[in-house]
Amino acid sequence: MASARRDTALQQICRLLDEGTLAGLPDARLLERYLANRDEPAFEALVRRHGSMVMGVCRLVLDDSNDADDAFHAAFLLLARKARSIRDDNSVGGWLHRVAWRIALQVQTS
């Protein structure tokens, strides 16, 4: 029992250290890690880094907060699916901005 708790605590500590390390990586490296082996912490770091901007774009276009939430999630789902299509790894923020804007406009007109 104590061994299981120790293993769980060690896993949590390792995850926290990894997340802290990831926070300092540039977008290009995070994207590379995600593409190489579907590194979830790397993707989460991208969401944390760009999430408020994406949500801001969605809220700027959409009056309904539920629609804005849906557009936000759709933008990051598209990132997960089309990450390889980003030509310049350093432009993840710009790519997400354009995608969020287009998705929000589509939601607005539907």
# chains A, B, ... in the order shown; residues from 1 in each chain; ligands from 1

call {"tool": "residues_around", "arguments": {"residues": "region 103-109 of chain A", "least_positions_apart": "5", "cutoff": "9 Å", "atoms": "only C-alpha atoms", "output": "list in words"}}
result
Val57, Cys58, Arg59, Leu60, Val61, Leu62, Asp63, Asp67, Ala68, Asp70, Ala71, Phe72, Ala74, Ala75 and Arg98 of chain A

call {"tool": "atom_distance", "arguments": {"atom1": "CA of Arg48 (chain A)", "atom2": "CA of Lys82 (chain A)"}}
result
18.5 Å

call {"tool": "atom_distance", "arguments": {"atom1": "CA of Arg33 (chain A)", "atom2": "CA of Arg102 (chain A)"}}
result
26.5 Å

call {"tool": "residues_around", "arguments": {"residues": "Gly94 (chain A)", "least_positions_apart": "4", "cutoff": "12 Å", "atoms": "only C-alpha atoms", "output": "list in words"}}
result
Asp27, His50, Met53, Val54, Val57, Leu79, Ile86, Arg87, Asp88, Asp89, Asn90, Arg98, Val99, Ala100 and Trp101 of chain A

call {"tool": "select_by_dssp", "arguments": {"residues": "chain A", "states": "alpha helix (DSSP H)", "output": "VMD selection string"}}
result
chain A and resid 2 to 23 27 to 37 40 to 61 65 to 82 92 to 109

call {"tool": "atom_distance", "arguments": {"atom1": "CA of Gly56 (chain A)", "atom2": "CA of Leu96 (chain A)"}}
result
11.6 Å

call {"tool": "closest_residue", "arguments": {"among": "A:Ala42, A:Leu78, A:Met55, A:Ala36", "to": "Gly24 (chain A)", "atoms": "only C-alpha atoms"}}
result
A:Ala42
